[in-house]
file start_22.txt (compact mmCIF, C-alpha atoms and all ligand atoms)
# COMPACT_ATOMS: atom_id res chain seq x y z
CA MET A 1 0.00 0.00 0.00
CA HIS A 2 1.23 3.46 -0.72
CA ARG A 3 -1.35 5.53 1.04
CA ASN A 4 -0.42 8.79 2.55
CA ASN A 5 2.00 7.57 5.18
CA SER A 6 1.53 10.55 7.40
CA GLY A 7 -1.51 8.72 8.74
CA SER A 8 -3.73 11.66 7.85
CA GLY A 9 -5.25 9.89 4.83
CA ARG A 10 -8.94 10.60 4.69
CA ASN A 11 -11.76 10.00 2.36
CA ILE A 12 -12.52 12.98 0.18
CA PHE A 13 -16.21 12.14 0.43
CA ASP A 14 -16.08 12.56 4.20
CA LYS A 15 -14.31 15.85 3.70
CA VAL A 16 -17.29 17.29 1.87
CA GLY A 17 -19.71 16.01 4.44
CA HIS A 18 -21.16 12.88 2.82
CA SER A 19 -20.83 9.70 4.79
CA GLN A 20 -20.40 6.53 2.72
CA GLU A 21 -22.10 4.26 5.19
CA GLY A 22 -25.24 2.47 4.12
CA LYS A 23 -25.59 4.29 0.81
CA ASN A 24 -25.66 3.09 -2.73
CA PRO A 25 -22.12 3.80 -4.02
CA VAL A 26 -23.36 5.24 -7.31
CA THR A 27 -25.60 7.70 -5.48
CA VAL A 28 -22.78 8.64 -3.18
CA ALA A 29 -20.40 9.18 -6.09
CA ARG A 30 -22.92 11.42 -7.84
CA LYS A 31 -23.62 13.44 -4.74
CA SER A 32 -19.98 13.74 -3.98
CA LEU A 33 -19.17 14.90 -7.48
CA LYS A 34 -21.75 17.63 -7.05
CA ALA A 35 -20.23 18.53 -3.73
CA MET A 36 -16.75 18.48 -5.22
CA LEU A 37 -17.80 20.98 -7.86
CA ASP A 38 -18.79 23.39 -5.14
CA LEU A 39 -15.50 25.15 -4.63
CA THR A 40 -16.71 27.33 -1.83
CA ALA A 41 -17.50 24.23 0.19
CA ASP A 42 -13.93 23.08 0.04
CA HIS A 43 -11.58 25.98 -0.32
CA ASP A 44 -10.72 28.32 2.45
CA ALA A 45 -9.14 30.97 0.23
CA PRO A 46 -12.00 32.28 -1.93
CA HIS A 47 -9.96 35.19 -3.32
CA PHE A 48 -7.85 32.64 -5.19
CA HIS A 49 -10.79 31.05 -6.99
CA HIS A 50 -10.00 32.64 -10.29
CA ARG A 51 -6.30 31.86 -10.28
CA GLN A 52 -5.43 29.42 -13.01
CA LEU A 53 -2.37 27.28 -13.36
CA THR A 54 -0.45 28.66 -16.29
CA GLY A 55 2.55 27.36 -18.11
CA LEU A 56 4.77 29.63 -16.07
CA ASP A 57 3.63 28.54 -12.66
CA LEU A 58 5.63 26.19 -10.53
CA ILE A 59 4.03 25.40 -7.22
CA ARG A 60 6.56 26.47 -4.64
CA ASN A 61 7.90 24.82 -1.54
CA PHE A 62 7.87 21.28 -2.82
CA TRP A 63 10.55 18.84 -3.90
CA TYR A 64 10.48 18.27 -7.66
CA ALA A 65 11.96 15.11 -9.16
CA ILE A 66 13.97 16.52 -12.07
CA ALA A 67 16.37 13.82 -13.33
CA LEU A 68 17.06 10.12 -13.17
CA GLY A 69 20.02 9.52 -10.87
CA ASN A 70 21.75 7.33 -13.44
CA SER A 71 21.52 10.02 -16.11
CA LEU A 72 23.87 12.31 -14.16
CA LYS A 73 27.37 10.96 -14.73
CA GLN A 74 30.44 11.93 -12.80
CA LYS A 75 32.25 14.76 -14.63
CA HIS A 76 29.44 15.36 -17.13
CA PRO A 77 27.14 18.28 -16.36
CA LEU A 78 23.50 17.83 -17.31
CA ALA A 79 21.06 20.45 -18.59
CA VAL A 80 17.58 20.42 -17.05
CA SER A 81 14.74 22.75 -17.84
CA LEU A 82 12.08 23.28 -15.18
CA MET A 83 9.16 25.22 -16.62
CA GLY A 84 11.55 27.33 -18.66
CA HIS A 85 14.05 27.84 -15.83
CA GLU A 86 17.38 26.61 -17.12
CA LEU A 87 19.33 24.57 -14.61
CA VAL A 88 22.56 22.61 -14.70
CA LEU A 89 23.32 19.56 -12.58
CA TYR A 90 26.71 18.05 -11.87
CA ARG A 91 28.32 15.76 -9.32
CA ASP A 92 31.12 16.77 -6.99
CA GLN A 93 33.97 14.35 -6.27
CA SER A 94 31.98 12.62 -3.54
CA GLY A 95 29.17 11.96 -6.03
CA ARG A 96 26.80 14.50 -4.47
CA ALA A 97 24.50 16.16 -7.01
CA ILE A 98 24.69 19.96 -7.28
CA ALA A 99 22.09 22.17 -9.00
CA LEU A 100 22.83 25.70 -10.23
CA ASP A 101 21.24 28.18 -12.57
CA ALA A 102 22.58 27.19 -15.97
CA ARG A 103 23.61 30.46 -17.60
CA CYS A 104 27.11 31.73 -16.96
CA ARG A 105 26.97 35.17 -15.35
CA HIS A 106 29.63 36.40 -17.76
CA ARG A 107 28.06 36.04 -21.21
CA GLY A 108 25.15 33.69 -20.73
CA THR A 109 26.78 30.51 -21.96
CA HIS A 110 24.98 27.33 -20.91
CA LEU A 111 27.20 25.67 -18.34
CA ALA A 112 26.11 22.15 -19.31
CA GLY A 113 28.61 22.62 -22.13
CA GLY A 114 31.38 23.11 -19.59
CA TRP A 115 33.51 20.74 -17.54
CA VAL A 116 33.75 19.57 -13.93
CA GLU A 117 37.02 19.62 -12.05
CA ASN A 118 37.73 19.48 -8.30
CA ASP A 119 34.09 19.92 -7.23
CA CYS A 120 33.71 22.99 -9.48
CA LEU A 121 31.94 23.68 -12.73
CA HIS A 122 33.84 25.55 -15.44
CA CYS A 123 32.30 27.60 -18.22
CA PRO A 124 33.37 26.41 -21.68
CA TYR A 125 33.68 29.96 -23.09
CA HIS A 126 36.21 31.82 -20.92
CA GLY A 127 36.73 29.24 -18.23
CA TRP A 128 35.12 31.00 -15.26
CA ARG A 129 35.03 28.59 -12.33
CA TYR A 130 31.95 28.18 -10.12
CA GLY A 131 31.80 26.35 -6.79
CA SER A 132 28.90 24.22 -5.60
CA ASP A 133 27.43 27.26 -3.80
CA GLY A 134 27.26 29.04 -7.18
CA ALA A 135 29.98 31.59 -6.37
CA CYS A 136 32.52 32.34 -9.08
CA GLN A 137 35.91 31.51 -7.62
CA HIS A 138 38.25 32.20 -10.51
CA ILE A 139 38.39 34.20 -13.74
CA PRO A 140 41.31 32.90 -15.80
CA ALA A 141 41.74 36.13 -17.83
CA ASN A 142 42.11 38.25 -14.67
CA ALA A 143 45.41 39.44 -13.26
CA GLU A 144 46.20 37.69 -10.01
CA LYS A 145 44.67 40.18 -7.57
CA ALA A 146 41.77 41.38 -9.72
CA ALA A 147 38.44 41.30 -7.94
CA ILE A 148 35.65 38.94 -8.94
CA PRO A 149 32.46 40.89 -9.73
CA ARG A 150 29.74 40.55 -7.13
CA GLN A 151 27.22 39.59 -9.82
CA ALA A 152 29.32 36.56 -10.73
CA HIS A 153 27.22 34.33 -8.53
CA LEU A 154 24.78 31.68 -9.69
CA LYS A 155 21.77 30.67 -7.68
CA SER A 156 22.21 27.21 -6.17
CA TYR A 157 19.34 24.93 -5.13
CA PRO A 158 18.88 22.31 -2.41
CA VAL A 159 19.14 18.84 -3.95
CA ARG A 160 18.47 15.30 -2.73
CA GLU A 161 18.99 11.99 -4.41
CA ALA A 162 16.65 9.14 -3.50
CA GLN A 163 14.60 6.37 -5.08
CA GLY A 164 16.47 6.55 -8.37
CA LEU A 165 15.79 10.26 -8.80
CA ILE A 166 17.41 13.64 -8.23
CA TRP A 167 15.05 16.03 -6.44
CA LEU A 168 15.31 19.80 -6.34
CA PHE A 169 13.59 22.00 -3.78
CA TRP A 170 11.82 24.90 -5.45
CA GLY A 171 10.75 27.43 -2.88
CA ASP A 172 11.68 29.74 -0.10
CA ALA A 173 10.04 28.15 2.93
CA MET A 174 11.79 25.98 5.48
CA ILE A 175 12.52 22.67 3.79
CA GLU A 176 11.64 20.79 6.98
CA ASP A 177 8.10 22.16 6.77
CA SER A 178 7.58 20.98 3.20
CA PRO A 179 6.09 17.63 2.17
CA GLY A 180 8.59 14.75 2.00
CA LEU A 181 9.22 12.48 -0.95
CA PRO A 182 6.43 10.18 -2.15
CA PRO A 183 7.23 6.61 -1.09
CA PHE A 184 8.59 4.03 -3.52
CA ALA A 185 9.39 0.97 -1.41
CA GLU A 186 9.71 -1.32 -4.44
CA TYR A 187 12.85 0.54 -5.51
CA THR A 188 14.98 -1.16 -2.87
CA ASP A 189 12.92 -4.33 -2.41
CA PRO A 190 14.71 -7.42 -3.83
CA GLN A 191 11.31 -8.99 -4.58
CA TRP A 192 10.91 -6.42 -7.33
CA ARG A 193 12.94 -5.55 -10.40
CA THR A 194 12.95 -1.90 -11.39
CA ILE A 195 13.93 -0.42 -14.73
CA ASN A 196 13.77 3.21 -15.82
CA GLY A 197 13.70 5.54 -18.79
CA SER A 198 12.26 8.82 -19.98
CA PHE A 199 9.47 9.85 -22.30
CA HIS A 200 8.80 13.20 -23.96
CA TRP A 201 5.19 14.46 -24.08
CA ASP A 202 3.66 17.26 -26.12
CA GLY A 203 1.59 18.74 -23.34
CA HIS A 204 1.53 20.66 -20.08
CA TYR A 205 2.57 18.55 -17.10
CA SER A 206 -0.81 18.93 -15.40
CA ARG A 207 -2.43 17.27 -18.44
CA VAL A 208 0.16 14.49 -18.36
CA ILE A 209 -0.44 13.92 -14.65
CA ALA A 210 -4.19 13.84 -15.26
CA ASN A 211 -3.72 11.32 -18.06
CA THR A 212 -1.77 8.90 -15.91
CA ILE A 213 -4.45 8.89 -13.20
CA ASP A 214 -7.39 8.91 -15.65
CA MET A 215 -9.72 5.93 -15.21
CA ALA A 216 -11.84 6.23 -18.37
CA HIS A 217 -9.57 6.58 -21.41
CA ALA A 218 -8.11 3.08 -21.86
CA PRO A 219 -10.98 1.66 -23.99
CA PHE A 220 -10.38 4.44 -26.54
CA VAL A 221 -6.77 5.54 -26.35
CA HIS A 222 -5.48 2.00 -25.81
CA ALA A 223 -8.09 0.22 -27.93
CA THR A 224 -5.44 -1.52 -30.02
CA ALA A 225 -3.67 -2.77 -26.91
CA PHE A 226 -5.25 -3.49 -23.52
CA GLY A 227 -8.29 -1.20 -23.77
CA ARG A 228 -11.69 -2.82 -24.24
CA LYS A 229 -14.02 -0.63 -26.24
CA GLU A 230 -16.88 -2.97 -25.48
CA ALA A 231 -16.52 -2.36 -21.73
CA PRO A 232 -16.02 1.39 -21.22
CA GLN A 233 -17.93 1.85 -17.94
CA VAL A 234 -15.85 2.82 -14.95
CA PRO A 235 -17.17 1.42 -11.68
CA SER A 236 -17.70 4.01 -8.98
CA TYR A 237 -14.69 4.15 -6.75
CA GLN A 238 -13.63 5.52 -3.43
CA LEU A 239 -10.96 8.12 -3.02
CA GLU A 240 -8.41 8.34 -0.28
CA ALA A 241 -7.01 11.83 0.07
CA GLY A 242 -4.05 13.07 2.04
CA GLU A 243 -2.89 16.65 2.29
CA TRP A 244 -1.11 16.67 -1.09
CA THR A 245 -2.01 13.26 -2.45
CA GLY A 246 -5.00 11.24 -3.60
CA THR A 247 -5.60 7.62 -4.61
CA GLY A 248 -8.37 5.81 -6.44
CA MET A 249 -8.70 2.11 -7.19
CA ILE A 250 -10.93 0.19 -9.59
CA ARG A 251 -11.29 -3.44 -10.55
CA PHE A 252 -11.58 -4.21 -14.23
CA ASP A 253 -11.28 -6.95 -16.83
CA THR A 254 -8.39 -6.33 -19.14
CA LYS A 255 -7.47 -7.60 -22.55
CA PRO A 256 -3.93 -8.93 -22.29
CA ALA A 257 -1.58 -7.05 -24.58
CA TYR A 258 2.15 -6.63 -25.02
CA SER A 259 4.18 -8.67 -22.52
CA LEU A 260 1.09 -9.57 -20.50
CA LYS A 261 -0.11 -11.58 -23.46
CA TRP A 262 2.78 -14.02 -23.15
CA ILE A 263 2.21 -14.30 -19.45
CA LEU A 264 -1.58 -14.43 -19.22
CA GLY A 265 -2.43 -15.80 -22.67
CA ASP A 266 -5.78 -14.72 -24.11
CA ARG A 267 -7.72 -14.90 -20.86
CA PHE A 268 -9.46 -11.77 -19.69
CA PRO A 269 -8.21 -11.75 -16.12
CA GLU A 270 -9.71 -9.53 -13.48
CA GLY A 271 -7.23 -6.90 -12.48
CA SER A 272 -7.03 -3.94 -10.20
CA PHE A 273 -5.79 -0.51 -11.20
CA ARG A 274 -4.72 1.90 -8.51
CA ALA A 275 -3.69 5.42 -9.40
CA THR A 276 -2.14 7.95 -7.04
CA PHE A 277 -0.95 11.52 -7.44
CA TYR A 278 1.45 13.38 -5.21
CA LEU A 279 1.96 17.10 -5.64
CA PRO A 280 3.83 18.56 -7.33
CA ASN A 281 4.96 16.09 -10.01
CA ILE A 282 4.69 12.41 -9.12
CA THR A 283 2.05 9.90 -10.07
CA ARG A 284 2.05 6.23 -9.44
CA VAL A 285 0.09 3.45 -11.08
CA ASP A 286 -0.25 -0.01 -9.59
CA LEU A 287 -1.60 -2.87 -11.67
CA LYS A 288 -2.36 -6.25 -10.22
CA PHE A 289 -3.51 -9.45 -11.90
CA GLY A 290 -3.58 -12.16 -9.26
CA GLY A 291 0.02 -12.51 -8.11
CA ILE A 292 1.41 -10.49 -11.01
CA GLN A 293 2.05 -6.89 -10.12
CA PHE A 294 3.51 -3.80 -11.74
CA ALA A 295 4.20 -0.46 -10.15
CA LEU A 296 4.92 2.57 -12.30
CA TYR A 297 6.50 5.47 -10.41
CA LEU A 298 6.35 8.48 -12.69
CA ALA A 299 8.08 11.84 -12.27
CA HIS A 300 6.64 14.40 -14.66
CA VAL A 301 9.17 17.17 -15.23
CA PRO A 302 7.55 20.39 -16.47
CA ILE A 303 9.93 21.46 -19.24
CA ASN A 304 7.83 24.41 -20.37
CA SER A 305 4.16 25.16 -20.91
CA SER A 306 3.77 22.62 -23.70
CA GLU A 307 6.38 19.94 -23.05
CA THR A 308 6.84 17.45 -20.26
CA ILE A 309 9.42 14.74 -19.72
CA THR A 310 8.30 11.78 -17.68
CA LEU A 311 11.08 10.00 -15.86
CA TRP A 312 9.53 6.58 -15.45
CA GLN A 313 10.46 3.73 -13.17
CA HIS A 314 8.75 0.41 -13.76
CA SER A 315 8.87 -2.24 -11.04
CA ARG A 316 7.66 -5.80 -11.53
CA ASN A 317 7.41 -8.71 -9.14
CA PHE A 318 7.61 -11.42 -11.83
CA LEU A 319 9.94 -12.41 -14.67
CA LYS A 320 12.78 -10.61 -12.96
CA THR A 321 15.42 -11.67 -15.43
CA PRO A 322 17.19 -8.70 -17.06
CA LEU A 323 16.41 -10.39 -20.39
CA ALA A 324 12.80 -9.24 -19.99
CA ASP A 325 13.77 -5.59 -19.35
CA PHE A 326 13.73 -4.59 -23.00
CA TRP A 327 10.17 -5.83 -23.47
CA MET A 328 8.91 -4.17 -20.32
CA ALA A 329 10.44 -0.88 -21.45
CA GLN A 330 8.79 -1.30 -24.84
CA ASP A 331 5.42 -1.76 -23.15
CA VAL A 332 5.84 1.51 -21.27
CA LYS A 333 6.91 3.38 -24.38
CA LYS A 334 4.12 2.01 -26.57
CA THR A 335 1.54 2.89 -23.92
CA PHE A 336 2.85 6.45 -23.48
CA LEU A 337 2.94 6.96 -27.26
CA GLN A 338 -0.78 6.22 -27.36
CA ASP A 339 -1.43 8.48 -24.37
CA ASN A 340 0.57 11.30 -25.95
CA GLU A 341 -1.71 11.19 -28.97
CA ALA A 342 -4.55 12.22 -26.63
CA VAL A 343 -2.56 14.71 -24.51
CA ARG A 344 -1.20 16.61 -27.51
CA LEU A 345 -4.77 17.24 -28.66
CA GLN A 346 -5.62 19.01 -25.42
CA SER A 347 -4.77 22.62 -24.86
CA GLY A 348 -2.92 24.40 -22.09
CA ALA A 349 -2.86 23.39 -18.46
CA ALA A 350 -5.61 21.54 -16.62
CA PRO A 351 -7.88 24.36 -15.33
CA VAL A 352 -7.92 24.37 -11.55
CA SER A 353 -11.27 26.09 -11.55
CA LEU A 354 -13.63 23.12 -11.75
CA SER A 355 -16.30 25.07 -13.59
CA GLU A 356 -14.07 25.49 -16.67
CA GLU A 357 -14.56 21.92 -17.89
CA ALA A 358 -17.35 19.35 -17.49
CA HIS A 359 -16.79 16.35 -15.26
CA ALA A 360 -18.15 12.84 -14.88
CA PRO A 361 -18.09 10.59 -11.80
CA SER A 362 -15.16 8.64 -13.29
CA ASP A 363 -13.11 11.87 -13.05
CA ALA A 364 -13.26 11.95 -9.26
CA LEU A 365 -9.53 11.35 -8.85
CA GLU A 366 -8.57 14.06 -11.30
CA ILE A 367 -10.95 16.43 -9.56
CA ALA A 368 -9.15 15.67 -6.31
CA TYR A 369 -5.85 16.49 -8.09
CA ARG A 370 -7.16 19.83 -9.33
CA LYS A 371 -8.48 20.71 -5.92
CA CYS A 372 -5.10 19.94 -4.40
CA LEU A 373 -3.40 22.13 -7.01
CA HIS A 374 -5.88 24.89 -6.33
CA ARG A 375 -5.19 24.74 -2.60
CA ALA A 376 -1.43 24.73 -3.19
CA MET A 377 -1.75 27.78 -5.46
CA GLY A 378 -3.74 29.56 -2.79
CA MET A 379 -0.73 29.24 -0.50
CA GLN A 380 1.68 30.77 -3.03
CA LYS A 381 2.87 34.32 -2.72
CA SER A 382 3.95 34.83 -6.29
CA PRO A 383 4.46 31.63 -8.22
CA ARG A 384 5.88 33.40 -11.24
CA THR A 385 8.98 34.65 -9.52
CA LYS A 386 11.97 32.49 -8.79
CA PRO A 387 12.36 31.29 -5.22
S1 LIG B 401 30.57 33.20 -20.93
FE1 LIG B 401 31.11 31.97 -19.28
S2 LIG B 401 33.10 32.50 -18.91
FE2 LIG B 401 32.55 33.88 -20.46
FE FE B 402 -3.15 5.66 -20.83
call {"tool": "encode", "arguments": {"input": "start_22.txt", "output": "structure tokens"}}
result
Amino acid sequence: MHRNNSGSGRNIFDKVGHSQEGKNPVTVARKSLKAMLDLTADHDAPHFHHRQLTGLDLIRNFWYAIALGNSLKQKHPLAVSLMGHELVLYRDQSGRAIALDARCRHRGTHLAGGWVENDCLHCPYHGWRYGSDGACQHIPANAEKAAIPRQAHLKSYPVREAQGLIWLFWGDAMIEDSPGLPPFAEYTDPQWRTINGSFHWDGHYSRVIANTIDMAHAPFVHATAFGRKEAPQVPSYQLEAGEWTGTGMIRFDTKPAYSLKWILGDRFPEGSFRATFYLPNITRVDLKFGGIQFALYLAHVPINSSETITLWQHSRNFLKTPLADFWMAQDVKKTFLQDNEAVRLQSGAAPVSLSEEAHAPSDALEIAYRKCLHRAMGMQKSPRTKP
């Protein structure tokens, strides 16, 4: 289980004042959807109701997963774009990941083109040397005692490395007061084999997140694979909501496709699909068919307002031989390619104002995501400025 481990997990239906007990679940879901659409019932910052998430907004005071740990090699700086903010990552001699603003303060050269030496990053143009705190320490063209300009200082960011990912703190609040990292126990569990990769989407990250927790698209978007067009109904489901997370789970009959076809044959096994979001940029999908289980831990990096890179980690508890890795990775890629066909046809960010788009009961989890986003935005001072 990967419920909110703070122990504060609660049912979103309870939150809006509808008890589940003794009621027909369909009725409850309908009522709750109606209640969920009533923003004033659930938001304590009414003056933020008209704020929309735009391409330029990054919710502050959260850890963002921004790179796969194994993509950052010793001595090779890496360029990362976070909603248009250009960053550079590198490792010091101890292997610790460092994150700095990417543009050299001298003439704006991207420092990912530079080199790493003795814990410092050097600009490829005139060789200015920056330390891990972002301060310029040396200007090769200067005479020995010449001063280093005060502006020659790059912003540096707090970084952590955990669960196969490099995380950057974007914000100005106390880090200790911010939400921790979403759990991914399978990453270190020997009962599971985890592989990773990345996928480029043509859409805003909020649309990508919504796609990966969407319960109703598979029969259409994945019709040629595991989606069953003849069985499009989504059973009503319960939500569990934490402060910055939400989970929904459904049972369904799938059509085996891709690697599952070798394993399950042509049977239509009953499966369960559990989807979870964690603000600001993680979703997780758990699929279970009897004893066969997959967990997809997805970090959606907002590159800019119309591009997202998903750093995916795929854990499986079966067929753990590395020989199967290629096929598992292919399954992920083929699935995302189909999803991207839908996401690229959407426009802009997912509106956080629930009245902007129409909703159905099957969208309950995405509604919970938008409400969380809305609440997070209400706590922002000025999301468009850098922390
Ligand atoms: S542009 Fe970086 S050192 Fe001149
Ligand atoms: Fe999908």
call {"tool": "axis_aligned_box", "arguments": {"input": "start_22.txt", "around": "stretch 297-311 of chain A", "padding_each_side": "4 Å", "output": "lines of an AutoDock Vina configuration file"}}
result
center_x = 7.4
center_y = 15.3
center_z = -17.1
size_x = 15.3
size_y = 27.7
size_z = 21.3
call {"tool": "residues_near_ligand", "arguments": {"input": "start_22.txt", "ligand": "ligand FE 402 (chain B)", "cutoff": "9 Å", "atoms": "all atoms listed in the file", "output": "PyMOL selection string"}}
result
chain A and resi 211-215+217-218+221-222+335-340+342
call {"tool": "residues_near_ligand", "arguments": {"input": "start_22.txt", "ligand": "ligand LIG 401 (chain B)", "cutoff": "7 Å", "atoms": "all atoms listed in the file", "output": "number ranges by chain"}}
result
A: 104-109, 123-128
call {"tool": "write_last_selection", "arguments": {"input": "start_22.txt", "atoms": "C-alpha atoms", "output": "mmCIF file, in the frame of the given file"}}
result
data_model
loop_
_atom_site.group_PDB
_atom_site.id
_atom_site.type_symbol
_atom_site.label_atom_id
_atom_site.label_comp_id
_atom_site.auth_asym_id
_atom_site.auth_seq_id
_atom_site.Cartn_x
_atom_site.Cartn_y
_atom_site.Cartn_z
ATOM 1 C CA CYS A 104 27.110 31.730 -16.960
ATOM 2 C CA ARG A 105 26.970 35.170 -15.350
ATOM 3 C CA HIS A 106 29.630 36.400 -17.760
ATOM 4 C CA ARG A 107 28.060 36.040 -21.210
ATOM 5 C CA GLY A 108 25.150 33.690 -20.730
ATOM 6 C CA THR A 109 26.780 30.510 -21.960
ATOM 7 C CA CYS A 123 32.300 27.600 -18.220
ATOM 8 C CA PRO A 124 33.370 26.410 -21.680
ATOM 9 C CA TYR A 125 33.680 29.960 -23.090
ATOM 10 C CA HIS A 126 36.210 31.820 -20.920
ATOM 11 C CA GLY A 127 36.730 29.240 -18.230
ATOM 12 C CA TRP A 128 35.120 31.000 -15.260
#
call {"tool": "closest_residue", "arguments": {"input": "start_22.txt", "among": "A:Ala257, A:Trp192, A:Ser305, A:Pro351", "to": "A:Phe318", "atoms": "only C-alpha atoms"}}
result
A:Trp192
call {"tool": "atom_distance", "arguments": {"input": "start_22.txt", "atom1": "atom CA of A:Phe184", "atom2": "atom CA of A:Leu298"}}
result
10.4 Å
call {"tool": "residues_near_point", "arguments": {"input": "start_22.txt", "point": "(27.3, 14.0, -13.6)", "cutoff": "9 Å", "atoms": "only C-alpha atoms", "output": "VMD selection string"}}
result
chain A and resid 69 to 78 89 to 92 95 97 116
call {"tool": "write_last_selection", "arguments": {"input": "start_22.txt", "atoms": "C-alpha atoms", "output": "PDB file, in the frame of the given file"}}
result
ATOM      1  CA  GLY A  69      20.020   9.520 -10.870  1.00  0.00           C
ATOM      2  CA  ASN A  70      21.750   7.330 -13.440  1.00  0.00           C
ATOM      3  CA  SER A  71      21.520  10.020 -16.110  1.00  0.00           C
ATOM      4  CA  LEU A  72      23.870  12.310 -14.160  1.00  0.00           C
ATOM      5  CA  LYS A  73      27.370  10.960 -14.730  1.00  0.00           C
ATOM      6  CA  GLN A  74      30.440  11.930 -12.800  1.00  0.00           C
ATOM      7  CA  LYS A  75      32.250  14.760 -14.630  1.00  0.00           C
ATOM      8  CA  HIS A  76      29.440  15.360 -17.130  1.00  0.00           C
ATOM      9  CA  PRO A  77      27.140  18.280 -16.360  1.00  0.00           C
ATOM     10  CA  LEU A  78      23.500  17.830 -17.310  1.00  0.00           C
ATOM     11  CA  LEU A  89      23.320  19.560 -12.580  1.00  0.00           C
ATOM     12  CA  TYR A  90      26.710  18.050 -11.870  1.00  0.00           C
ATOM     13  CA  ARG A  91      28.320  15.760  -9.320  1.00  0.00           C
ATOM     14  CA  ASP A  92      31.120  16.770  -6.990  1.00  0.00           C
ATOM     15  CA  GLY A  95      29.170  11.960  -6.030  1.00  0.00           C
ATOM     16  CA  ALA A  97      24.500  16.160  -7.010  1.00  0.00           C
ATOM     17  CA  VAL A 116      33.750  19.570 -13.930  1.00  0.00           C
TER      18      VAL A 116
END
call {"tool": "closest_residue", "arguments": {"input": "start_22.txt", "among": "A:Leu121, A:Ala231, A:Ala376, A:Leu260", "to": "A:Ile98", "atoms": "all atoms listed in the file"}}
result
A:Leu121
call {"tool": "residues_near_point", "arguments": {"input": "start_22.txt", "point": "(14.1, 19.2, -4.6)", "cutoff": "9 Å", "atoms": "all atoms listed in the file", "output": "mmCIF file with C-alpha atoms, keeping the file's coordinate frame"}}
result
data_model
loop_
_atom_site.group_PDB
_atom_site.id
_atom_site.type_symbol
_atom_site.label_atom_id
_atom_site.label_comp_id
_atom_site.auth_asym_id
_atom_site.auth_seq_id
_atom_site.Cartn_x
_atom_site.Cartn_y
_atom_site.Cartn_z
ATOM 1 C CA ASN A 61 7.900 24.820 -1.540
ATOM 2 C CA PHE A 62 7.870 21.280 -2.820
ATOM 3 C CA TRP A 63 10.550 18.840 -3.900
ATOM 4 C CA TYR A 64 10.480 18.270 -7.660
ATOM 5 C CA ALA A 65 11.960 15.110 -9.160
ATOM 6 C CA ILE A 66 13.970 16.520 -12.070
ATOM 7 C CA TYR A 157 19.340 24.930 -5.130
ATOM 8 C CA PRO A 158 18.880 22.310 -2.410
ATOM 9 C CA VAL A 159 19.140 18.840 -3.950
ATOM 10 C CA ARG A 160 18.470 15.300 -2.730
ATOM 11 C CA GLU A 161 18.990 11.990 -4.410
ATOM 12 C CA ILE A 166 17.410 13.640 -8.230
ATOM 13 C CA TRP A 167 15.050 16.030 -6.440
ATOM 14 C CA LEU A 168 15.310 19.800 -6.340
ATOM 15 C CA PHE A 169 13.590 22.000 -3.780
ATOM 16 C CA TRP A 170 11.820 24.900 -5.450
#
call {"tool": "closest_residue", "arguments": {"input": "start_22.txt", "among": "A:Pro183, A:Gly164, A:Pro190, A:Gly113", "to": "A:Arg284", "atoms": "all atoms listed in the file"}}
result
A:Pro183
call {"tool": "closest_residue", "arguments": {"input": "start_22.txt", "among": "A:Lys288, A:His200, A:Arg228, A:Lys261", "to": "A:Phe273", "atoms": "only C-alpha atoms"}}
result
A:Lys288
call {"tool": "closest_residue", "arguments": {"input": "start_22.txt", "among": "A:Val343, A:Val352, A:Ala358, A:Ala368", "to": "A:Arg207", "atoms": "all atoms listed in the file"}}
result
A:Val343
call {"tool": "closest_residue", "arguments": {"input": "start_22.txt", "among": "A:Trp115, A:Tyr369, A:Phe277, A:Trp327", "to": "A:Pro182", "atoms": "all atoms listed in the file"}}
result
A:Phe277
call {"tool": "atom_distance", "arguments": {"input": "start_22.txt", "atom1": "atom CA of A:Arg103", "atom2": "atom CA of A:Ala146"}}
result
22.6 Å
call {"tool": "decode", "arguments": {"input": "start_22.txt", "residues": "stretch 59-66 of chain A", "atoms": "N, CA and C atoms", "output": "PDB file, in the first residue's frame"}}
result
ATOM      1  N   ILE A  59       4.469  25.342  -8.607  1.00  0.00           N
ATOM      2  CA  ILE A  59       4.029  25.404  -7.220  1.00  0.00           C
ATOM      3  C   ILE A  59       5.272  25.386  -6.338  1.00  0.00           C
ATOM      4  N   ARG A  60       5.335  26.344  -5.449  1.00  0.00           N
ATOM      5  CA  ARG A  60       6.563  26.474  -4.642  1.00  0.00           C
ATOM      6  C   ARG A  60       6.505  25.669  -3.360  1.00  0.00           C
ATOM      7  N   ASN A  61       7.699  25.477  -2.827  1.00  0.00           N
ATOM      8  CA  ASN A  61       7.896  24.819  -1.540  1.00  0.00           C
ATOM      9  C   ASN A  61       7.558  23.329  -1.555  1.00  0.00           C
ATOM     10  N   PHE A  62       7.936  22.722  -2.675  1.00  0.00           N
ATOM     11  CA  PHE A  62       7.867  21.276  -2.825  1.00  0.00           C
ATOM     12  C   PHE A  62       9.197  20.787  -3.409  1.00  0.00           C
ATOM     13  N   TRP A  63       9.443  19.498  -3.206  1.00  0.00           N
ATOM     14  CA  TRP A  63      10.553  18.842  -3.902  1.00  0.00           C
ATOM     15  C   TRP A  63      10.057  18.380  -5.268  1.00  0.00           C
ATOM     16  N   TYR A  64      10.794  18.734  -6.304  1.00  0.00           N
ATOM     17  CA  TYR A  64      10.484  18.273  -7.660  1.00  0.00           C
ATOM     18  C   TYR A  64      11.512  17.227  -8.080  1.00  0.00           C
ATOM     19  N   ALA A  65      11.045  16.071  -8.533  1.00  0.00           N
ATOM     20  CA  ALA A  65      11.958  15.112  -9.156  1.00  0.00           C
ATOM     21  C   ALA A  65      12.312  15.685 -10.524  1.00  0.00           C
ATOM     22  N   ILE A  66      13.607  15.838 -10.819  1.00  0.00           N
ATOM     23  CA  ILE A  66      13.973  16.522 -12.073  1.00  0.00           C
ATOM     24  C   ILE A  66      14.887  15.703 -12.983  1.00  0.00           C
TER      25      ILE A  66
END
